[in-house]
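Engineer: File follows, upload_8.txt with compact mmCIF, C-alpha atoms:
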# COMPACT_ATOMS: atom_id res chain seq x y z
CA MET A 1177 21.32 22.46 0.41
CA SER A 1178 21.56 19.08 2.13
CA SER A 1179 24.46 16.77 1.29
CA ILE A 1180 23.66 14.10 -1.28
CA GLN A 1181 24.11 10.44 -0.38
CA LYS A 1182 25.18 8.35 -3.37
CA TRP A 1183 24.94 4.73 -4.47
CA THR A 1184 26.06 3.00 -7.67
CA VAL A 1185 24.60 -0.08 -9.38
CA SER A 1186 26.94 -1.62 -11.94
CA LYS A 1187 24.99 -4.54 -13.36
CA PRO A 1188 21.42 -5.92 -13.52
CA TYR A 1189 19.90 -8.24 -10.96
CA LEU A 1190 17.74 -9.79 -13.68
CA GLU A 1191 18.39 -9.61 -17.42
CA VAL A 1192 15.06 -9.42 -19.22
CA SER A 1193 16.09 -7.37 -22.26
CA GLY A 1194 12.59 -5.91 -22.33
CA THR A 1195 11.29 -2.84 -24.10
CA LEU A 1196 9.46 -0.81 -21.46
CA LEU A 1197 9.61 -2.44 -18.03
CA GLU A 1198 7.32 -0.70 -15.54
CA GLY A 1199 4.89 -1.25 -12.68
CA PRO A 1200 7.19 -3.01 -10.15
CA PHE A 1201 5.24 -4.46 -7.22
CA TYR A 1202 6.29 -6.50 -4.19
CA ASP A 1203 3.66 -8.94 -2.92
CA LYS A 1204 4.90 -9.49 0.63
CA SER A 1205 2.38 -12.22 1.46
CA ARG A 1206 3.74 -14.37 -1.38
CA ASN A 1207 7.31 -13.03 -1.33
CA GLU A 1208 6.68 -12.47 -5.03
CA PHE A 1209 7.94 -9.65 -7.18
CA ARG A 1210 6.11 -8.69 -10.35
CA PHE A 1211 6.46 -6.11 -13.09
CA VAL A 1212 5.21 -5.48 -16.62
CA ASP A 1213 6.53 -4.74 -20.06
CA ILE A 1214 4.02 -2.21 -21.36
CA TRP A 1215 5.03 -2.31 -25.00
CA GLU A 1216 5.39 -6.09 -25.20
CA GLN A 1217 2.13 -6.75 -23.27
CA LYS A 1218 3.77 -9.03 -20.71
CA LEU A 1219 3.31 -9.59 -16.99
CA TYR A 1220 6.35 -10.99 -15.17
CA ALA A 1221 6.61 -12.57 -11.72
CA LEU A 1222 9.38 -14.19 -9.73
CA ASP A 1223 9.69 -15.91 -6.36
CA LEU A 1224 12.30 -13.88 -4.48
CA ALA A 1225 13.30 -16.89 -2.39
CA GLN A 1226 14.36 -18.65 -5.60
CA GLY A 1227 15.63 -15.58 -7.43
CA PRO A 1228 15.97 -14.92 -11.18
CA LYS A 1229 15.67 -18.59 -12.16
CA SER A 1230 12.01 -18.54 -11.07
CA LEU A 1231 10.98 -15.80 -13.52
CA LYS A 1232 7.66 -16.47 -15.25
CA ALA A 1233 6.13 -14.42 -18.05
CA LEU A 1234 2.48 -14.18 -19.08
CA ASP A 1235 1.30 -12.72 -22.37
CA THR A 1236 -1.63 -10.40 -21.83
CA SER A 1237 -4.08 -9.28 -24.48
CA TYR A 1238 -3.60 -5.61 -23.62
CA SER A 1239 -0.80 -3.45 -22.26
CA ILE A 1240 -0.71 -3.05 -18.47
CA GLY A 1241 0.71 0.05 -16.79
CA VAL A 1242 0.46 -0.86 -13.12
CA THR A 1243 -0.95 -3.59 -10.88
CA ALA A 1244 -2.13 -3.88 -7.27
CA ASN A 1245 -3.35 -6.58 -4.94
CA ILE A 1246 -7.01 -6.98 -4.03
CA ALA A 1247 -7.85 -6.83 -0.32
CA SER A 1248 -8.76 -9.97 1.60
CA GLY A 1249 -12.51 -10.47 1.67
CA SER A 1250 -13.01 -8.86 -1.71
CA GLN A 1251 -14.36 -10.97 -4.53
CA ASN A 1252 -11.66 -12.66 -6.66
CA ASN A 1253 -8.85 -11.57 -4.34
CA GLU A 1254 -7.06 -14.96 -4.53
CA ASP A 1255 -7.01 -15.63 -8.26
CA TYR A 1256 -6.79 -12.06 -9.55
CA ILE A 1257 -4.89 -8.83 -9.22
CA VAL A 1258 -6.24 -5.46 -10.31
CA ALA A 1259 -4.56 -3.36 -13.00
CA ALA A 1260 -4.71 -0.21 -15.05
CA ALA A 1261 -4.61 -1.69 -18.55
CA LYS A 1262 -4.84 -0.31 -22.08
CA HIS A 1263 -8.51 0.71 -21.95
CA GLY A 1264 -9.20 1.10 -18.23
CA PHE A 1265 -9.25 -0.67 -14.88
CA ALA A 1266 -9.31 -4.45 -15.04
CA LEU A 1267 -8.94 -7.76 -13.26
CA VAL A 1268 -5.96 -9.85 -14.37
CA HIS A 1269 -5.87 -13.59 -13.70
CA ARG A 1270 -2.67 -14.51 -11.88
CA GLY A 1271 -2.29 -17.80 -13.72
CA THR A 1272 -3.27 -16.97 -17.29
CA GLY A 1273 -2.88 -13.22 -17.74
CA GLU A 1274 -6.48 -12.96 -18.96
CA ILE A 1275 -7.87 -9.43 -18.61
CA ASN A 1276 -11.48 -8.57 -17.74
CA TYR A 1277 -12.34 -4.89 -17.58
CA LEU A 1278 -14.09 -3.44 -14.54
CA ALA A 1279 -14.41 0.15 -15.75
CA ARG A 1280 -13.55 1.81 -19.07
CA PRO A 1281 -13.77 5.60 -19.43
CA TRP A 1282 -14.14 5.58 -23.21
CA SER A 1283 -16.29 3.75 -25.71
CA GLU A 1284 -15.34 5.76 -28.81
CA GLU A 1285 -13.11 3.78 -31.16
CA ASP A 1286 -10.79 6.78 -31.58
CA LYS A 1287 -10.16 7.04 -27.82
CA LEU A 1288 -9.80 3.29 -27.39
CA TYR A 1289 -7.13 3.27 -30.07
CA LYS A 1290 -5.20 6.38 -29.09
CA MET A 1291 -5.22 6.26 -25.28
CA ARG A 1292 -3.71 3.87 -22.74
CA PHE A 1293 -3.39 3.76 -18.98
CA ASN A 1294 0.00 4.23 -17.34
CA ASP A 1295 1.15 4.44 -13.70
CA GLY A 1296 -0.97 4.47 -10.56
CA ALA A 1297 -1.35 3.54 -6.89
CA VAL A 1298 -3.90 2.59 -4.23
CA ASP A 1299 -4.67 5.07 -1.45
CA SER A 1300 -5.25 4.32 2.26
CA ARG A 1301 -8.98 3.80 1.73
CA GLY A 1302 -8.45 1.21 -0.99
CA ARG A 1303 -9.22 3.41 -4.01
CA LEU A 1304 -7.17 2.82 -7.14
CA TRP A 1305 -5.72 5.86 -8.90
CA ALA A 1306 -4.18 5.76 -12.38
CA GLY A 1307 -3.41 8.15 -15.21
CA ALA A 1308 -4.28 7.70 -18.88
CA MET A 1309 -2.26 9.20 -21.72
CA LYS A 1310 -1.87 9.22 -25.48
CA ASP A 1311 -0.37 5.87 -26.44
CA PRO A 1312 3.13 6.60 -27.83
CA LYS A 1313 2.74 3.62 -30.14
CA VAL A 1314 -0.01 5.61 -31.86
CA GLU A 1315 0.73 9.32 -31.35
CA THR A 1316 3.16 11.52 -29.46
CA PRO A 1317 1.64 12.32 -26.04
CA ILE A 1318 0.19 15.80 -25.63
CA ASN A 1319 -1.81 17.29 -22.80
CA GLU A 1320 -4.84 15.03 -23.26
CA GLY A 1321 -3.89 12.85 -20.28
CA VAL A 1322 -6.42 12.28 -17.49
CA LEU A 1323 -6.11 11.14 -13.89
CA PHE A 1324 -8.83 8.70 -12.82
CA ARG A 1325 -9.88 7.20 -9.50
CA LEU A 1326 -11.71 3.89 -9.17
CA ASP A 1327 -13.67 3.61 -5.93
CA SER A 1328 -14.47 0.38 -4.10
CA ASP A 1329 -17.98 0.34 -5.56
CA LEU A 1330 -16.34 0.49 -9.04
CA LYS A 1331 -17.50 4.05 -9.63
CA LEU A 1332 -15.04 5.70 -12.02
CA ASN A 1333 -14.11 9.31 -11.26
CA ARG A 1334 -12.40 11.72 -13.67
CA VAL A 1335 -10.20 13.70 -11.26
CA LEU A 1336 -7.74 15.82 -13.26
CA GLU A 1337 -7.34 16.66 -16.95
CA HIS A 1338 -4.76 18.24 -19.27
CA LEU A 1339 -1.88 16.02 -18.20
CA THR A 1340 0.74 14.78 -20.64
CA ILE A 1341 2.30 11.59 -19.23
CA PRO A 1342 0.86 11.05 -15.73
CA ASN A 1343 3.29 8.92 -13.77
CA GLY A 1344 4.24 8.24 -10.14
CA ILE A 1345 1.43 8.70 -7.60
CA GLY A 1346 1.80 8.55 -3.81
CA TRP A 1347 0.98 10.13 -0.46
CA ASN A 1348 2.92 11.75 2.38
CA LEU A 1349 3.23 10.31 5.89
CA ALA A 1350 0.38 12.44 7.26
CA ASN A 1351 -1.78 11.29 4.35
CA ASP A 1352 -2.97 14.82 3.67
CA THR A 1353 -0.87 15.41 0.56
CA MET A 1354 -0.88 13.50 -2.72
CA TYR A 1355 2.02 13.62 -5.18
CA LEU A 1356 1.68 13.19 -8.93
CA THR A 1357 4.35 13.26 -11.64
CA ASP A 1358 3.71 14.68 -15.11
CA SER A 1359 6.89 13.49 -16.78
CA PRO A 1360 7.45 15.81 -19.78
CA THR A 1361 7.01 18.88 -17.56
CA GLY A 1362 9.90 17.73 -15.35
CA LYS A 1363 7.69 18.28 -12.32
CA ILE A 1364 6.24 16.37 -9.41
CA PHE A 1365 3.10 18.14 -8.22
CA ALA A 1366 1.58 18.16 -4.74
CA PHE A 1367 -2.12 18.42 -3.89
CA ASP A 1368 -4.06 18.73 -0.68
CA PHE A 1369 -5.66 15.31 -0.18
CA ASN A 1370 -8.91 14.55 1.61
CA GLU A 1371 -8.47 10.97 2.81
CA GLU A 1372 -12.16 10.50 3.55
CA THR A 1373 -13.56 11.65 0.20
CA GLY A 1374 -10.59 11.12 -2.11
CA GLU A 1375 -10.77 14.71 -3.33
CA ILE A 1376 -7.64 16.67 -4.27
CA SER A 1377 -7.10 20.44 -4.44
CA ASN A 1378 -4.51 23.22 -4.29
CA ARG A 1379 -2.16 21.99 -7.00
CA ARG A 1380 1.43 23.21 -6.64
CA VAL A 1381 4.96 22.20 -7.69
CA HIS A 1382 6.74 20.01 -5.15
CA PHE A 1383 9.82 19.32 -7.27
CA ASP A 1384 11.12 20.57 -10.63
CA ILE A 1385 14.10 18.73 -12.08
CA GLY A 1386 15.12 21.83 -14.03
CA GLU A 1387 16.81 19.98 -16.90
CA PRO A 1388 15.71 18.08 -20.03
CA LYS A 1389 15.21 14.81 -18.13
CA GLU A 1390 11.91 13.27 -17.05
CA PRO A 1391 10.86 12.13 -13.57
CA ASP A 1392 9.05 8.82 -14.07
CA GLY A 1393 7.62 6.44 -11.47
CA PHE A 1394 8.48 6.76 -7.79
CA ALA A 1395 8.39 5.08 -4.40
CA ILE A 1396 8.07 6.76 -0.98
CA ASP A 1397 10.06 5.69 2.09
CA THR A 1398 9.19 5.69 5.78
CA GLU A 1399 10.73 9.13 6.21
CA GLY A 1400 8.40 10.59 3.58
CA CYS A 1401 11.07 10.96 0.90
CA ILE A 1402 10.27 10.29 -2.76
CA TRP A 1403 12.60 8.02 -4.75
CA SER A 1404 11.99 9.16 -8.33
CA ALA A 1405 13.27 7.34 -11.43
CA ILE A 1406 14.78 9.79 -13.92
CA TYR A 1407 14.06 8.68 -17.47
CA GLY A 1408 16.91 9.70 -19.73
CA GLY A 1409 19.10 10.49 -16.73
CA GLY A 1410 20.36 7.07 -15.66
CA LYS A 1411 19.50 7.57 -12.01
CA VAL A 1412 17.00 7.45 -9.18
CA ILE A 1413 16.96 10.51 -6.95
CA ARG A 1414 15.78 10.78 -3.36
CA ILE A 1415 13.71 13.91 -2.76
CA SER A 1416 13.08 15.15 0.77
CA PRO A 1417 9.63 16.26 2.01
CA GLN A 1418 10.92 19.80 1.47
CA GLY A 1419 11.55 19.12 -2.23
CA GLU A 1420 15.37 18.87 -2.08
CA VAL A 1421 17.50 16.15 -3.68
CA ILE A 1422 19.28 14.34 -0.84
CA GLY A 1423 20.23 11.04 -2.50
CA GLU A 1424 21.15 9.61 -5.89
CA ILE A 1425 21.46 6.08 -7.29
CA SER A 1426 23.50 5.86 -10.51
CA LEU A 1427 22.70 3.04 -12.93
CA PRO A 1428 24.54 1.85 -16.06
CA THR A 1429 21.69 2.60 -18.45
CA ARG A 1430 19.83 5.76 -19.34
CA ASN A 1431 16.08 5.08 -19.23
CA ILE A 1432 15.05 4.43 -15.62
CA THR A 1433 11.33 3.89 -15.19
CA CYS A 1434 10.24 2.99 -11.64
CA PRO A 1435 11.52 1.83 -8.23
CA VAL A 1436 9.73 -0.12 -5.50
CA PHE A 1437 10.83 -1.15 -2.02
CA VAL A 1438 11.45 -4.75 -1.01
CA GLY A 1439 12.50 -4.37 2.61
CA THR A 1440 15.41 -1.93 2.55
CA GLU A 1441 16.21 -2.67 -1.08
CA LEU A 1442 14.98 -0.78 -4.09
CA PHE A 1443 14.09 -2.88 -7.11
CA ILE A 1444 14.29 -0.68 -10.21
CA THR A 1445 12.81 -1.22 -13.67
CA THR A 1446 14.29 0.26 -16.86
CA ALA A 1447 13.50 0.64 -20.54
CA LYS A 1448 15.38 -0.21 -23.70
CA ASP A 1449 17.94 2.32 -24.95
CA ASP A 1450 19.21 2.39 -28.54
CA THR A 1451 22.14 4.74 -27.89
CA ASN A 1452 25.56 4.33 -26.30
CA ASP A 1453 27.75 7.32 -25.48
CA ASP A 1454 30.54 8.35 -23.11
CA GLN A 1455 28.13 8.94 -20.24
CA PHE A 1456 26.35 5.57 -20.61
CA PRO A 1457 28.79 3.39 -22.57
CA GLU A 1458 26.83 0.16 -22.03
CA SER A 1459 23.30 1.52 -22.13
CA ILE A 1460 22.15 -0.67 -25.04
CA ARG A 1461 23.31 -3.79 -23.23
CA TYR A 1462 21.83 -2.84 -19.87
CA GLY A 1463 18.53 -1.19 -20.81
CA GLY A 1464 15.26 -3.06 -20.29
CA ASN A 1465 16.52 -5.01 -17.27
CA LEU A 1466 15.80 -5.14 -13.53
CA TYR A 1467 18.15 -3.74 -10.87
CA ARG A 1468 18.35 -3.85 -7.07
CA ILE A 1469 20.24 -1.87 -4.43
CA ASP A 1470 20.09 -1.75 -0.63
CA VAL A 1471 19.51 1.85 0.49
CA GLY A 1472 19.13 1.17 4.21
CA ILE A 1473 15.54 2.36 4.64
CA GLU A 1474 12.17 0.74 4.09
CA GLY A 1475 9.28 1.97 1.99
CA GLN A 1476 5.76 2.86 3.02
CA PRO A 1477 3.40 -0.14 3.01
CA ARG A 1478 1.49 -0.64 -0.22
CA HIS A 1479 -2.30 -0.54 0.07
CA GLU A 1480 -4.68 -3.07 -1.47
CA PHE A 1481 -7.66 -2.30 -3.66
CA ARG A 1482 -10.91 -2.79 -1.76
CA MET A 1483 -13.50 -4.07 -4.17
CA ASN A 1484 -17.08 -4.23 -2.94
CA GLN A 1485 -19.36 -6.08 -5.34
What does this structure look like when you write it as structure tokens?
Structural biologist:
Amino acid sequence: MSSIQKWTVSKPYLEVSGTLLEGPFYDKSRNEFRFVDIWEQKLYALDLAQGPKSLKALDTSYSIGVTANIASGSQNNEDYIVAAAKHGFALVHRGTGEINYLARPWSEEDKLYKMRFNDGAVDSRGRLWAGAMKDPKVETPINEGVLFRLDSDLKLNRVLEHLTIPNGIGWNLANDTMYLTDSPTGKIFAFDFNEETGEISNRRVHFDIGEPKEPDGFAIDTEGCIWSAIYGGGKVIRISPQGEVIGEISLPTRNITCPVFVGTELFITTAKDDTNDDQFPESIRYGGNLYRIDVGIEGQPRHEFRMNQ
């Protein structure tokens, strides 16, 4: 087994004291960093040149799991971002937080109430992928989760069913493999990926944590390694393309949700924790905040959603 490189983060970069911070995104063109609080229905943004003092919060009418930029030339690309929200894929106004749905997979009141969208990502052809799951505010998630893909023409595709909590999504350097986390299983799965059509096949296990901790969101670096947040484990682990753990970031709180690259730094979101113990003595104080750490490597560029209307 490869040696494991280690880093330690001792305190937050930004104290938000949120409930379930997720969906970190770096908008390079604006030098803006944004993230969401799913449970509190908030969208946060800060100017990285000004730092934490510039933090702004918008109340949204629905929970948001993940956001992405809209490609230049697409309609509404200046005033809006695209998101996977409570009921489906939506436009979110940058200034007001107003949500307008583009595509909703369900119309039944039962599904609208019980399901919500979670993590996602945009592929190299500008298609937006996101997973839906049972909303934990309503019911404990079971394997009714679904992976969806929204194409540029706003056609909604149901890609994969029987997931529990679909989380981190990303692609390898060759762009012929897609990775998908199903958190309660402890596994990150790999699929053959057809870049032209967006089809996936040949599901297999890329990584299995092998303990009662949950891989959550992830980022992928320029060497093709996955940086996976471990919910309940107080760490982010770096997983090689061969599926081996080769790096570990330790944080002072237990519930780590998602990292994203800003240059060579990882910005890491976390969730609230109601328990302190010997392993995480300050977890209550430090949960639900934002962290940053320089890991000496950059992430893969983030793609923009191409919306043709």
Engineer: Which residues come within 6 Å of Thr1440 (chain A), counting only C-alpha atoms, excluding same-chain residues fewer than 5 positions away, as a ChimeraX atom specification?
Structural biologist: /A:1470-1474
Engineer: Give me, as a PDB file with C-alpha atoms, in the frame of the given file, all polymer residues having an atom no more than 12 Å from region 1314-1322 of chain A, counting only C-alpha atoms and skipping those fewer than 6 positions away in the same chain.
Structural biologist:
ATOM      1  CA  TRP A1215       5.030  -2.310 -25.000  1.00  0.00           C
ATOM      2  CA  GLY A1264      -9.200   1.100 -18.230  1.00  0.00           C
ATOM      3  CA  PRO A1281     -13.770   5.600 -19.430  1.00  0.00           C
ATOM      4  CA  TRP A1282     -14.140   5.580 -23.210  1.00  0.00           C
ATOM      5  CA  ASP A1286     -10.790   6.780 -31.580  1.00  0.00           C
ATOM      6  CA  LYS A1287     -10.160   7.040 -27.820  1.00  0.00           C
ATOM      7  CA  LEU A1288      -9.800   3.290 -27.390  1.00  0.00           C
ATOM      8  CA  TYR A1289      -7.130   3.270 -30.070  1.00  0.00           C
ATOM      9  CA  LYS A1290      -5.200   6.380 -29.090  1.00  0.00           C
ATOM     10  CA  MET A1291      -5.220   6.260 -25.280  1.00  0.00           C
ATOM     11  CA  ARG A1292      -3.710   3.870 -22.740  1.00  0.00           C
ATOM     12  CA  PHE A1293      -3.390   3.760 -18.980  1.00  0.00           C
ATOM     13  CA  ASN A1294       0.000   4.230 -17.340  1.00  0.00           C
ATOM     14  CA  ASP A1295       1.150   4.440 -13.700  1.00  0.00           C
ATOM     15  CA  GLY A1296      -0.970   4.470 -10.560  1.00  0.00           C
ATOM     16  CA  TRP A1305      -5.720   5.860  -8.900  1.00  0.00           C
ATOM     17  CA  ALA A1306      -4.180   5.760 -12.380  1.00  0.00           C
ATOM     18  CA  GLY A1307      -3.410   8.150 -15.210  1.00  0.00           C
ATOM     19  CA  ALA A1308      -4.280   7.700 -18.880  1.00  0.00           C
ATOM     20  CA  ASN A1333     -14.110   9.310 -11.260  1.00  0.00           C
ATOM     21  CA  ARG A1334     -12.400  11.720 -13.670  1.00  0.00           C
ATOM     22  CA  VAL A1335     -10.200  13.700 -11.260  1.00  0.00           C
ATOM     23  CA  LEU A1336      -7.740  15.820 -13.260  1.00  0.00           C
ATOM     24  CA  GLU A1337      -7.340  16.660 -16.950  1.00  0.00           C
ATOM     25  CA  HIS A1338      -4.760  18.240 -19.270  1.00  0.00           C
ATOM     26  CA  LEU A1339      -1.880  16.020 -18.200  1.00  0.00           C
ATOM     27  CA  THR A1340       0.740  14.780 -20.640  1.00  0.00           C
ATOM     28  CA  ILE A1341       2.300  11.590 -19.230  1.00  0.00           C
ATOM     29  CA  PRO A1342       0.860  11.050 -15.730  1.00  0.00           C
ATOM     30  CA  ASN A1343       3.290   8.920 -13.770  1.00  0.00           C
ATOM     31  CA  LEU A1356       1.680  13.190  -8.930  1.00  0.00           C
ATOM     32  CA  THR A1357       4.350  13.260 -11.640  1.00  0.00           C
ATOM     33  CA  ASP A1358       3.710  14.680 -15.110  1.00  0.00           C
ATOM     34  CA  SER A1359       6.890  13.490 -16.780  1.00  0.00           C
ATOM     35  CA  PRO A1360       7.450  15.810 -19.780  1.00  0.00           C
ATOM     36  CA  THR A1361       7.010  18.880 -17.560  1.00  0.00           C
TER      37      THR A1361
END
Engineer: Report the distance between CA of Phe1437 (chain A) and CA of Arg1482 (chain A) in Å, rounded to one decimal place.
Structural biologist: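 We find that CA of Phe1437 (chain A) and CA of Arg1482 (chain A) lie 21.8 Å from each other.
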Engineer: In Å, with one decimal, what is the gap from CA of Pro1228 (chain A) to CA of Phe1209 (chain A)?
Structural biologist: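 Computed distance, CA of Pro1228 (chain A) to CA of Phe1209 (chain A), equals 10.4 Å.
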Engineer: Contacts of His1269 (chain A) at 12 Å or less, counting all atoms listed in the file, minus same-chain residues fewer than 4 places along, as a list of chain:residue names?
Structural biologist: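 Once the adjacent positions are removed, what remains is A:Leu1219, A:Leu1234, A:Asp1235, A:Thr1236, A:Ser1237, A:Thr1243, A:Asn1245, A:Ile1246, A:Asn1252, A:Asn1253, A:Glu1254, A:Asp1255, A:Tyr1256, A:Ile1257, A:Val1258, A:Ala1259, A:Gly1273, A:Glu1274, A:Ile1275, A:Asn1276, A:Tyr1277.
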Engineer: Measuring atom to atom with only C-alpha atoms, identify which of A:Ala1244, A:Ile1406, A:Gln1217, A:Gly1463 is nearest to Asp1203 (chain A).
Structural biologist: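 Residue with the minimum atom-to-atom distance to Asp1203 (chain A): A:Ala1244.
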Engineer: Do you know which residues lie at most 12 Å from (16.2, 20.9, -0.8), with coordinates as in the file and all atoms listed in the file counted, and could you write them as a list in words?
Structural biologist: Met1177, Ser1178, Ser1179, Ile1180, His1382, Phe1383, Asp1384, Ile1385, Cys1401, Arg1414, Ile1415, Ser1416, Pro1417, Gln1418, Gly1419, Glu1420, Val1421, Ile1422 and Gly1423 of chain A
Engineer: Please return, as a ChimeraX atom specification, all polymer residues that have at least one atom within 10 Å of the point (8.7, -15.4, -16.4); use only C-alpha atoms and the file's own coordinate frame.
Structural biologist: /A:1192,1210,1218-1222,1228-1235
Engineer: Smallest atom-to-atom distance to Asn1465 (chain A): which of A:Val1438, A:Leu1427, A:Leu1278, A:Leu1326, using only C-alpha atoms?
Structural biologist: A:Leu1427
Engineer: So, counting all atoms listed in the file, which residue among A:Pro1457, A:Gly1346, A:Gly1302, A:Gly1400 is closest to Thr1373 (chain A)?
Structural biologist: A:Gly1302
Engineer: Between A:Glu1399, A:Ile1413, A:Thr1429, A:Ser1377, which has the minimum distance to Lys1182 (chain A) (counting all atoms listed in the file)?
Structural biologist: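 Result for the nearest residue to Lys1182 (chain A): A:Ile1413.
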Engineer: Work out how far apart CA of Pro1477 (chain A) and CA of Asn1348 (chain A) are and give it in Å to one decimal.
Structural biologist: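 CA of Asn1348 (chain A) lies 11.9 Å from CA of Pro1477 (chain A).
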Engineer: Using all atoms listed in the file, find the one residue out of A:Ala1297, A:Ala1366, A:Ile1444, A:Ile1240 that sits nearest to Ile1345 (chain A).
Structural biologist: A:Ala1297
Engineer: Go through A:Cys1434, A:Met1483, A:Ile1364, A:Met1309 one by one, measure the shortest atom-to-atom distance of each to Leu1197 (chain A) using only C-alpha atoms, and give the residue with the smallest value.
Structural biologist: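 Smallest distance to Leu1197 (chain A) is found for A:Cys1434.
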Engineer: Contacts of Arg1301 (chain A) at 10 Å or less, counting all atoms listed in the file, minus same-chain residues fewer than 6 places along, as a CSV table (one decimal) with C-alpha atoms, keeping the file's coordinate frame?
Structural biologist:
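Result went into part.csv, see below:
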chain,number,residue,atom,x,y,z
A,1327,ASP,CA,-13.7,3.6,-5.9
A,1328,SER,CA,-14.5,0.4,-4.1
A,1371,GLU,CA,-8.5,11.0,2.8
A,1372,GLU,CA,-12.2,10.5,3.6
A,1373,THR,CA,-13.6,11.6,0.2
A,1374,GLY,CA,-10.6,11.1,-2.1
A,1479,HIS,CA,-2.3,-0.5,0.1
A,1480,GLU,CA,-4.7,-3.1,-1.5
A,1481,PHE,CA,-7.7,-2.3,-3.7
A,1482,ARG,CA,-10.9,-2.8,-1.8
Engineer: Assuming the input is short of atoms at region 1338-1349 of chain A, produce N, CA, C and O atoms for that part as a compact mmCIF listing (two decimals), in the coordinates of the input.
Structural biologist:
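The result, written out as result.txt:
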# COMPACT_ATOMS: atom_id res chain seq x y z
N HIS A 1338 -5.84 17.46 -18.65
CA HIS A 1338 -4.76 18.24 -19.27
C HIS A 1338 -3.37 17.85 -18.74
O HIS A 1338 -2.50 18.69 -18.59
N LEU A 1339 -3.20 16.56 -18.51
CA LEU A 1339 -1.88 16.02 -18.20
C LEU A 1339 -1.25 15.50 -19.48
O LEU A 1339 -1.94 15.26 -20.47
N THR A 1340 0.05 15.29 -19.45
CA THR A 1340 0.74 14.78 -20.64
C THR A 1340 1.07 13.30 -20.47
O THR A 1340 0.50 12.44 -21.14
N ILE A 1341 2.01 12.98 -19.57
CA ILE A 1341 2.30 11.59 -19.23
C ILE A 1341 2.20 11.48 -17.71
O ILE A 1341 3.20 11.66 -17.00
N PRO A 1342 1.00 11.21 -17.18
CA PRO A 1342 0.86 11.05 -15.73
C PRO A 1342 1.61 9.83 -15.26
O PRO A 1342 1.46 8.74 -15.81
N ASN A 1343 2.44 10.01 -14.24
CA ASN A 1343 3.29 8.92 -13.77
C ASN A 1343 3.15 8.77 -12.26
O ASN A 1343 2.04 8.79 -11.76
N GLY A 1344 4.28 8.59 -11.54
CA GLY A 1344 4.24 8.24 -10.14
C GLY A 1344 3.18 8.96 -9.32
O GLY A 1344 3.00 10.17 -9.41
N ILE A 1345 2.46 8.18 -8.50
CA ILE A 1345 1.43 8.70 -7.60
C ILE A 1345 1.72 8.15 -6.21
O ILE A 1345 2.04 6.97 -6.04
N GLY A 1346 1.60 9.00 -5.18
CA GLY A 1346 1.80 8.55 -3.81
C GLY A 1346 1.36 9.60 -2.82
O GLY A 1346 0.96 10.71 -3.20
N TRP A 1347 1.47 9.27 -1.51
CA TRP A 1347 0.98 10.13 -0.46
C TRP A 1347 2.03 10.32 0.63
O TRP A 1347 2.87 9.45 0.85
N ASN A 1348 1.97 11.45 1.32
CA ASN A 1348 2.92 11.75 2.38
C ASN A 1348 2.59 10.96 3.64
O ASN A 1348 1.57 10.24 3.70
N LEU A 1349 3.42 11.08 4.67
CA LEU A 1349 3.23 10.31 5.89
C LEU A 1349 1.95 10.70 6.62
O LEU A 1349 1.28 9.85 7.21
